Amino acid sequence: MSTPFYVSPQQAMADRAEYARKGIARGRSLVVLQFADGIVFVGENPSRALHKFSEIYDRIGFAAAGKYNEYENLRIGGVRYADLRGYTYDRDDVTARGLANVYAQTLGTIFSSAAEKPYEVELVVAEVGETPEGDQIYRLPHDGSIVDEHGSVAVGGNAETISTYLDQRHEDGMSLAEALKLAVQALSRDTNGSEREIPAERLEVAVLDRTRPQQRKFKRIVGRQLGRLLEEGGASTAAEAEDPDDEE
Amino acid sequence: MEANTRSTGRLPAAFLTPGSSSFMDFLSDHQPEMLPGKRQLPPTQGVIEAPHGTTIVAVTFAGGVVLAGDRRATMGNVIAQRDIEKVFPADEYSAVGIAGTAGLAVEMVKLFQLELEHFEKVEGTTLSLEGKANRLSTMIRSNLGMAMQGLAVVPLFAGFDVDRDKGRIFSYDVTGGRSEEHGFAATGSGSLFARGAMKKLFHKDLTEEQATTLVVQALYDAADDDSATGGPDVARRIYPIVTVITEDGFRRLTDEDSSDIARAIIERRLEQPDGPRAALL
């Protein structure tokens, strides 16, 4: 009988983390930003049908980078969790914090269980509050840790470069058009610093808008509305150069 | 297996198992005792006393459909509640009004709303109006056991069919039998009288305003002849719930609007107690 190879726990975990990170890095990055009326999700996605962002519950949205079948599975699990919880208790008892905890436990267990391959996904769970101070954004890397984020967050392969870019430029109380423009600028930057153009058709954009009269605040921004916002964002920065108080 | 809906702990395997887009299917696999239809009823003598909702009416008009209900719930010959709500949005383009055992009906509506919302979130698209109507049928059928013991729920489902560009009404019987109604429909104890009123007042090219007036007239007539249906309560300012569904989606008339309609009708009834008259020929 042959003796199994000894692999130190540190090494095993480092290997698993590297495996997951490489998988995530293969996909495009995406960003989640706070703006005056809520939270906007922006990503490059050539598909119209396979979404990176989606609604989980009234005020809670979901974004994911990495392997589609894995995050889709987690997304549906989250929808089931939220709907069951809302049905058992009350709609108000479904929170992003609770959902993020469940995802963290799920990802963490999978990551450290030797029997399963780690998930190659990185998630964002965001909840829009009554006021900007009440907004919550949680980033969940592949290993099941939770990071409580403010202002802006990027996930995916190129996340570090994009995060740095966003951190320097994101401000509280931006309009949707401004936030969208900043997000697109951030996503257009490659690791080596060069820029490329992302056409509107390749953008997937969704918002959690606290001003929506409906109970469900999640909304996709597509077609003409997206085009209008992208134009507006471009125009407002030009106007801003002359008069910074022009835009609210 | 212990249900895990608490805020910590890994998602149970059932949550991550690929399966149907139906919340009810998920519940019946994972936690069947949560479904109203799966509950075991203790053996009882006679009919169980529980508040009952009464009259719901619906009318189509050019461009949409109106669904309305009175506000009374009765238990035997006692008025159990004067301001009950029996008409609810099911989703953006449909609404459901319920007559029958109030507690069960409200629970059924909650589950139905969730079923449509869950499907929408999982699939990324909404069910067809026909699909929604069929789903409601299944839910009523699963309640048949309780219906046999006197706890029946008989809804009226109305919605705007975005594919066919018109308002449609579906009525149900206790066994889940579904039938599409053309023009107008009513359910509940006062429905006979409401239907009579609507039959005389309805025509194909009603405007939205006429349709909302028509349903309140019909509810007034139902309340006039059925003791379990409540008329507009001017003293307490409790007026019928009137909802309109058009291509712009679901909208509930404000209390102010429905009180205006109800007051105008009461005003006319002071002169003509039997309401508007149809031509004899």
# chains A, B, ... in the order shown; residues from 1 in each chain; ligands from 1
call {"tool": "interface_residues", "arguments": {"of": "chain B", "to": "chain A", "cutoff": "9 Å", "atoms": "only C-alpha atoms", "output": "list in words"}}
result
Asn4, Thr5, Arg6, Ser7, Thr8, Gly9, Arg10, Leu11, Pro12, Ala14, Phe15, Leu16, Thr17, Pro18, Phe23, Phe26, Leu27, Met34, Lys110, Leu111, Leu114, Glu117, His118, Lys121, Val122 and Gly124 of chain B
call {"tool": "select_by_dssp", "arguments": {"residues": "range 115-188 of chain A", "states": "strand (DSSP E)", "output": "list in words"}}
result
Val121, Glu122, Leu123, Val124, Val125, Ala126, Glu127, Gln136, Ile137, Tyr138, Arg139, Leu140, Val147, Asp148, Glu149, Ser152, Val153, Ala154 and Val155 of chain A
call {"tool": "select_by_dssp", "arguments": {"residues": "range 114-155 of chain B", "states": "alpha helix (DSSP H)", "output": "PDB file with N, CA and C atoms, in the first residue's frame"}}
result
ATOM      1  N   LEU B 114     -46.036  35.554  -4.062  1.00  0.00           N
ATOM      2  CA  LEU B 114     -44.666  35.083  -3.926  1.00  0.00           C
ATOM      3  C   LEU B 114     -44.310  34.141  -5.070  1.00  0.00           C
ATOM      4  N   GLU B 115     -45.254  33.299  -5.439  1.00  0.00           N
ATOM      5  CA  GLU B 115     -45.039  32.344  -6.520  1.00  0.00           C
ATOM      6  C   GLU B 115     -44.696  33.085  -7.824  1.00  0.00           C
ATOM      7  N   LEU B 116     -45.449  34.146  -8.116  1.00  0.00           N
ATOM      8  CA  LEU B 116     -45.207  34.896  -9.351  1.00  0.00           C
ATOM      9  C   LEU B 116     -43.874  35.639  -9.280  1.00  0.00           C
ATOM     10  N   GLU B 117     -43.609  36.232  -8.119  1.00  0.00           N
ATOM     11  CA  GLU B 117     -42.379  36.998  -7.944  1.00  0.00           C
ATOM     12  C   GLU B 117     -41.162  36.078  -8.021  1.00  0.00           C
ATOM     13  N   HIS B 118     -41.269  34.919  -7.395  1.00  0.00           N
ATOM     14  CA  HIS B 118     -40.180  33.954  -7.368  1.00  0.00           C
ATOM     15  C   HIS B 118     -39.844  33.496  -8.791  1.00  0.00           C
ATOM     16  N   PHE B 119     -40.878  33.172  -9.537  1.00  0.00           N
ATOM     17  CA  PHE B 119     -40.677  32.749 -10.924  1.00  0.00           C
ATOM     18  C   PHE B 119     -39.961  33.845 -11.703  1.00  0.00           C
ATOM     19  N   GLU B 120     -40.440  35.067 -11.499  1.00  0.00           N
ATOM     20  CA  GLU B 120     -39.872  36.201 -12.223  1.00  0.00           C
ATOM     21  C   GLU B 120     -38.381  36.380 -11.905  1.00  0.00           C
ATOM     22  N   LYS B 121     -38.036  36.231 -10.632  1.00  0.00           N
ATOM     23  CA  LYS B 121     -36.647  36.437 -10.240  1.00  0.00           C
ATOM     24  C   LYS B 121     -35.759  35.299 -10.738  1.00  0.00           C
ATOM     25  N   VAL B 122     -36.249  34.079 -10.645  1.00  0.00           N
ATOM     26  CA  VAL B 122     -35.431  32.936 -11.042  1.00  0.00           C
ATOM     27  C   VAL B 122     -35.266  32.886 -12.555  1.00  0.00           C
ATOM     28  N   GLU B 123     -36.366  33.081 -13.266  1.00  0.00           N
ATOM     29  CA  GLU B 123     -36.318  32.933 -14.721  1.00  0.00           C
ATOM     30  C   GLU B 123     -35.912  34.220 -15.434  1.00  0.00           C
ATOM     31  N   LEU B 129     -50.163  35.565 -18.747  1.00  0.00           N
ATOM     32  CA  LEU B 129     -51.352  35.751 -17.910  1.00  0.00           C
ATOM     33  C   LEU B 129     -52.070  34.412 -17.724  1.00  0.00           C
ATOM     34  N   GLU B 130     -52.094  33.626 -18.801  1.00  0.00           N
ATOM     35  CA  GLU B 130     -52.699  32.298 -18.749  1.00  0.00           C
ATOM     36  C   GLU B 130     -51.958  31.425 -17.720  1.00  0.00           C
ATOM     37  N   GLY B 131     -50.638  31.512 -17.743  1.00  0.00           N
ATOM     38  CA  GLY B 131     -49.809  30.740 -16.814  1.00  0.00           C
ATOM     39  C   GLY B 131     -50.107  31.110 -15.371  1.00  0.00           C
ATOM     40  N   LYS B 132     -50.281  32.393 -15.120  1.00  0.00           N
ATOM     41  CA  LYS B 132     -50.600  32.853 -13.759  1.00  0.00           C
ATOM     42  C   LYS B 132     -51.953  32.308 -13.339  1.00  0.00           C
ATOM     43  N   ALA B 133     -52.928  32.391 -14.271  1.00  0.00           N
ATOM     44  CA  ALA B 133     -54.277  31.921 -13.962  1.00  0.00           C
ATOM     45  C   ALA B 133     -54.253  30.425 -13.634  1.00  0.00           C
ATOM     46  N   ASN B 134     -53.448  29.664 -14.374  1.00  0.00           N
ATOM     47  CA  ASN B 134     -53.357  28.225 -14.117  1.00  0.00           C
ATOM     48  C   ASN B 134     -52.706  27.923 -12.774  1.00  0.00           C
ATOM     49  N   ARG B 135     -51.730  28.734 -12.437  1.00  0.00           N
ATOM     50  CA  ARG B 135     -51.030  28.542 -11.163  1.00  0.00           C
ATOM     51  C   ARG B 135     -52.019  28.711 -10.002  1.00  0.00           C
ATOM     52  N   LEU B 136     -52.892  29.708 -10.143  1.00  0.00           N
ATOM     53  CA  LEU B 136     -53.884  29.961  -9.095  1.00  0.00           C
ATOM     54  C   LEU B 136     -54.854  28.786  -8.992  1.00  0.00           C
ATOM     55  N   SER B 137     -55.174  28.206 -10.136  1.00  0.00           N
ATOM     56  CA  SER B 137     -56.025  27.025 -10.178  1.00  0.00           C
ATOM     57  C   SER B 137     -55.438  25.904  -9.316  1.00  0.00           C
ATOM     58  N   THR B 138     -54.154  25.654  -9.505  1.00  0.00           N
ATOM     59  CA  THR B 138     -53.463  24.600  -8.751  1.00  0.00           C
ATOM     60  C   THR B 138     -53.561  24.859  -7.261  1.00  0.00           C
ATOM     61  N   MET B 139     -53.417  26.130  -6.879  1.00  0.00           N
ATOM     62  CA  MET B 139     -53.446  26.453  -5.458  1.00  0.00           C
ATOM     63  C   MET B 139     -54.819  26.196  -4.862  1.00  0.00           C
ATOM     64  N   ILE B 140     -55.865  26.539  -5.608  1.00  0.00           N
ATOM     65  CA  ILE B 140     -57.225  26.336  -5.093  1.00  0.00           C
ATOM     66  C   ILE B 140     -57.507  24.844  -4.972  1.00  0.00           C
ATOM     67  N   ARG B 141     -57.026  24.091  -5.977  1.00  0.00           N
ATOM     68  CA  ARG B 141     -57.236  22.649  -5.957  1.00  0.00           C
ATOM     69  C   ARG B 141     -56.568  22.029  -4.720  1.00  0.00           C
ATOM     70  N   LEU B 144     -58.673  21.871  -1.604  1.00  0.00           N
ATOM     71  CA  LEU B 144     -59.975  21.211  -1.716  1.00  0.00           C
ATOM     72  C   LEU B 144     -60.406  20.534  -0.414  1.00  0.00           C
ATOM     73  N   GLY B 145     -59.431  19.912   0.266  1.00  0.00           N
ATOM     74  CA  GLY B 145     -59.746  19.236   1.529  1.00  0.00           C
ATOM     75  C   GLY B 145     -60.408  20.182   2.511  1.00  0.00           C
ATOM     76  N   MET B 146     -59.843  21.371   2.620  1.00  0.00           N
ATOM     77  CA  MET B 146     -60.403  22.347   3.554  1.00  0.00           C
ATOM     78  C   MET B 146     -61.717  22.910   3.033  1.00  0.00           C
ATOM     79  N   ALA B 147     -61.806  23.044   1.704  1.00  0.00           N
ATOM     80  CA  ALA B 147     -63.042  23.557   1.115  1.00  0.00           C
ATOM     81  C   ALA B 147     -64.211  22.643   1.461  1.00  0.00           C
ATOM     82  N   MET B 148     -63.934  21.312   1.501  1.00  0.00           N
ATOM     83  CA  MET B 148     -64.982  20.349   1.822  1.00  0.00           C
ATOM     84  C   MET B 148     -65.460  20.527   3.257  1.00  0.00           C
TER      85      MET B 148
END
call {"tool": "residues_around", "arguments": {"residues": "Leu140 in chain A", "least_positions_apart": "6", "cutoff": "7 Å", "atoms": "only C-alpha atoms", "output": "NGL selection string"}}
result
:A and (104 or 122-124 or 146-147)
call {"tool": "atom_distance", "arguments": {"atom1": "CA of Gln113 in chain B", "atom2": "CA of Asp25 in chain B"}}
result
14.6 Å
call {"tool": "residues_around", "arguments": {"residues": "Glu256 in chain B", "least_positions_apart": "3", "cutoff": "12 Å", "atoms": "only C-alpha atoms", "output": "tab-separated table (two decimals) with N, CA and C atoms, in the first residue's frame"}}
result
chain	number	residue	atom	x	y	z
B	237	ARG	N	-66.11	56.46	6.73
B	237	ARG	CA	-65.26	56.70	5.56
B	237	ARG	C	-64.56	55.42	5.09
B	238	ILE	N	-65.34	54.35	4.99
B	238	ILE	CA	-64.81	53.10	4.44
B	238	ILE	C	-65.48	52.86	3.10
B	239	TYR	N	-64.70	52.87	2.04
B	239	TYR	CA	-65.25	52.75	0.69
B	239	TYR	C	-64.69	51.51	0.02
B	240	PRO	N	-65.38	51.02	-1.02
B	240	PRO	CA	-64.88	49.82	-1.69
B	240	PRO	C	-63.45	50.01	-2.21
B	241	ILE	N	-62.74	48.91	-2.31
B	241	ILE	CA	-61.41	48.98	-2.92
B	241	ILE	C	-61.57	48.76	-4.41
B	242	VAL	N	-61.10	49.74	-5.18
B	242	VAL	CA	-61.20	49.65	-6.63
B	242	VAL	C	-59.80	49.67	-7.22
B	252	ARG	N	-54.16	51.15	-7.66
B	252	ARG	CA	-55.33	51.14	-6.78
B	252	ARG	C	-55.85	52.56	-6.65
B	253	LEU	N	-57.15	52.74	-6.80
B	253	LEU	CA	-57.71	54.09	-6.66
B	253	LEU	C	-57.47	54.58	-5.23
B	259	SER	N	-64.02	57.33	-2.77
B	259	SER	CA	-65.08	57.99	-2.00
B	259	SER	C	-65.88	58.92	-2.90
B	260	ASP	N	-65.22	59.57	-3.87
B	260	ASP	CA	-65.95	60.44	-4.80
B	260	ASP	C	-66.97	59.63	-5.59
B	261	ILE	N	-66.53	58.47	-6.09
B	261	ILE	CA	-67.45	57.64	-6.87
B	261	ILE	C	-68.61	57.17	-5.99
B	262	ALA	N	-68.27	56.67	-4.80
B	262	ALA	CA	-69.30	56.14	-3.90
B	262	ALA	C	-70.29	57.23	-3.51
B	263	ARG	N	-69.79	58.41	-3.20
B	263	ARG	CA	-70.68	59.50	-2.79
B	263	ARG	C	-71.60	59.94	-3.92
call {"tool": "closest_residue", "arguments": {"among": "A:Glu120, A:Gly43, A:Phe35, A:Ile221", "to": "Asn69 in chain A", "atoms": "only C-alpha atoms"}}
result
A:Glu120
call {"tool": "atom_distance", "arguments": {"atom1": "CA of Phe157 in chain B", "atom2": "CA of His52 in chain B"}}
result
18.2 Å
call {"tool": "residues_around", "arguments": {"residues": "Asp163 in chain B", "least_positions_apart": "6", "cutoff": "12 Å", "atoms": "only C-alpha atoms", "output": "PyMOL selection string"}}
result
chain B and resi 93+126-130+247
call {"tool": "residues_around", "arguments": {"residues": "Asn77 in chain B", "least_positions_apart": "6", "cutoff": "12 Å", "atoms": "only C-alpha atoms", "output": "list in words"}}
result
Glu49, Ala50, Pro51, His52, Asp226, Ser227, Ala228 and Thr229 of chain B
call {"tool": "write_last_selection", "arguments": {"atoms": "all heavy atoms", "output": "short mmCIF file (atom, residue, chain, number, x, y, z; two decimals), in the first residue's frame"}}
result
data_model
loop_
_atom_site.label_atom_id
_atom_site.label_comp_id
_atom_site.auth_asym_id
_atom_site.auth_seq_id
_atom_site.Cartn_x
_atom_site.Cartn_y
_atom_site.Cartn_z
N GLU B 49 -66.43 27.95 12.17
CA GLU B 49 -66.77 29.38 12.13
C GLU B 49 -65.51 30.20 11.92
O GLU B 49 -64.59 30.16 12.73
CB GLU B 49 -67.42 29.79 13.45
CG GLU B 49 -68.88 29.39 13.56
CD GLU B 49 -69.81 30.45 13.01
OE1 GLU B 49 -69.82 31.56 13.56
OE2 GLU B 49 -70.53 30.18 12.03
N ALA B 50 -65.43 30.92 10.83
CA ALA B 50 -64.30 31.81 10.58
C ALA B 50 -64.81 32.96 9.72
O ALA B 50 -65.77 32.78 8.97
CB ALA B 50 -63.20 31.06 9.87
N PRO B 51 -64.17 34.13 9.84
CA PRO B 51 -64.65 35.26 9.04
C PRO B 51 -64.64 34.94 7.55
O PRO B 51 -63.71 34.33 7.04
CB PRO B 51 -63.65 36.37 9.36
CG PRO B 51 -63.11 36.01 10.69
CD PRO B 51 -63.07 34.52 10.72
N HIS B 52 -65.69 35.37 6.86
CA HIS B 52 -65.80 35.17 5.42
C HIS B 52 -65.85 36.50 4.70
O HIS B 52 -66.53 37.42 5.13
CB HIS B 52 -67.10 34.40 5.10
CG HIS B 52 -66.90 32.93 5.14
ND1 HIS B 52 -66.55 32.27 6.30
CD2 HIS B 52 -66.99 31.99 4.17
CE1 HIS B 52 -66.44 30.97 6.02
NE2 HIS B 52 -66.70 30.79 4.74
N ASP B 226 -77.79 41.68 -0.26
CA ASP B 226 -77.09 40.60 0.45
C ASP B 226 -76.58 41.16 1.76
O ASP B 226 -75.81 42.13 1.78
CB ASP B 226 -75.92 40.10 -0.41
CG ASP B 226 -75.04 39.14 0.36
OD1 ASP B 226 -75.57 38.35 1.16
OD2 ASP B 226 -73.81 39.19 0.18
N SER B 227 -77.00 40.54 2.88
CA SER B 227 -76.62 41.11 4.18
C SER B 227 -75.13 40.93 4.47
O SER B 227 -74.57 41.63 5.30
CB SER B 227 -77.44 40.43 5.29
OG SER B 227 -77.13 39.05 5.30
N ALA B 228 -74.48 40.02 3.77
CA ALA B 228 -73.06 39.79 4.05
C ALA B 228 -72.14 40.73 3.29
O ALA B 228 -70.94 40.75 3.50
CB ALA B 228 -72.70 38.34 3.71
N THR B 229 -72.71 41.51 2.38
CA THR B 229 -71.90 42.46 1.63
C THR B 229 -72.10 43.86 2.22
O THR B 229 -73.22 44.25 2.49
CB THR B 229 -72.31 42.46 0.14
OG1 THR B 229 -72.21 41.13 -0.34
CG2 THR B 229 -71.42 43.36 -0.68
#
call {"tool": "residues_around", "arguments": {"residues": "range 170-179 of chain A", "least_positions_apart": "3", "cutoff": "9 Å", "atoms": "only C-alpha atoms", "output": "PyMOL selection string"}}
result
chain A and resi 33-40+132+151-152+165-167+182-184+228-234+236-237+247-248
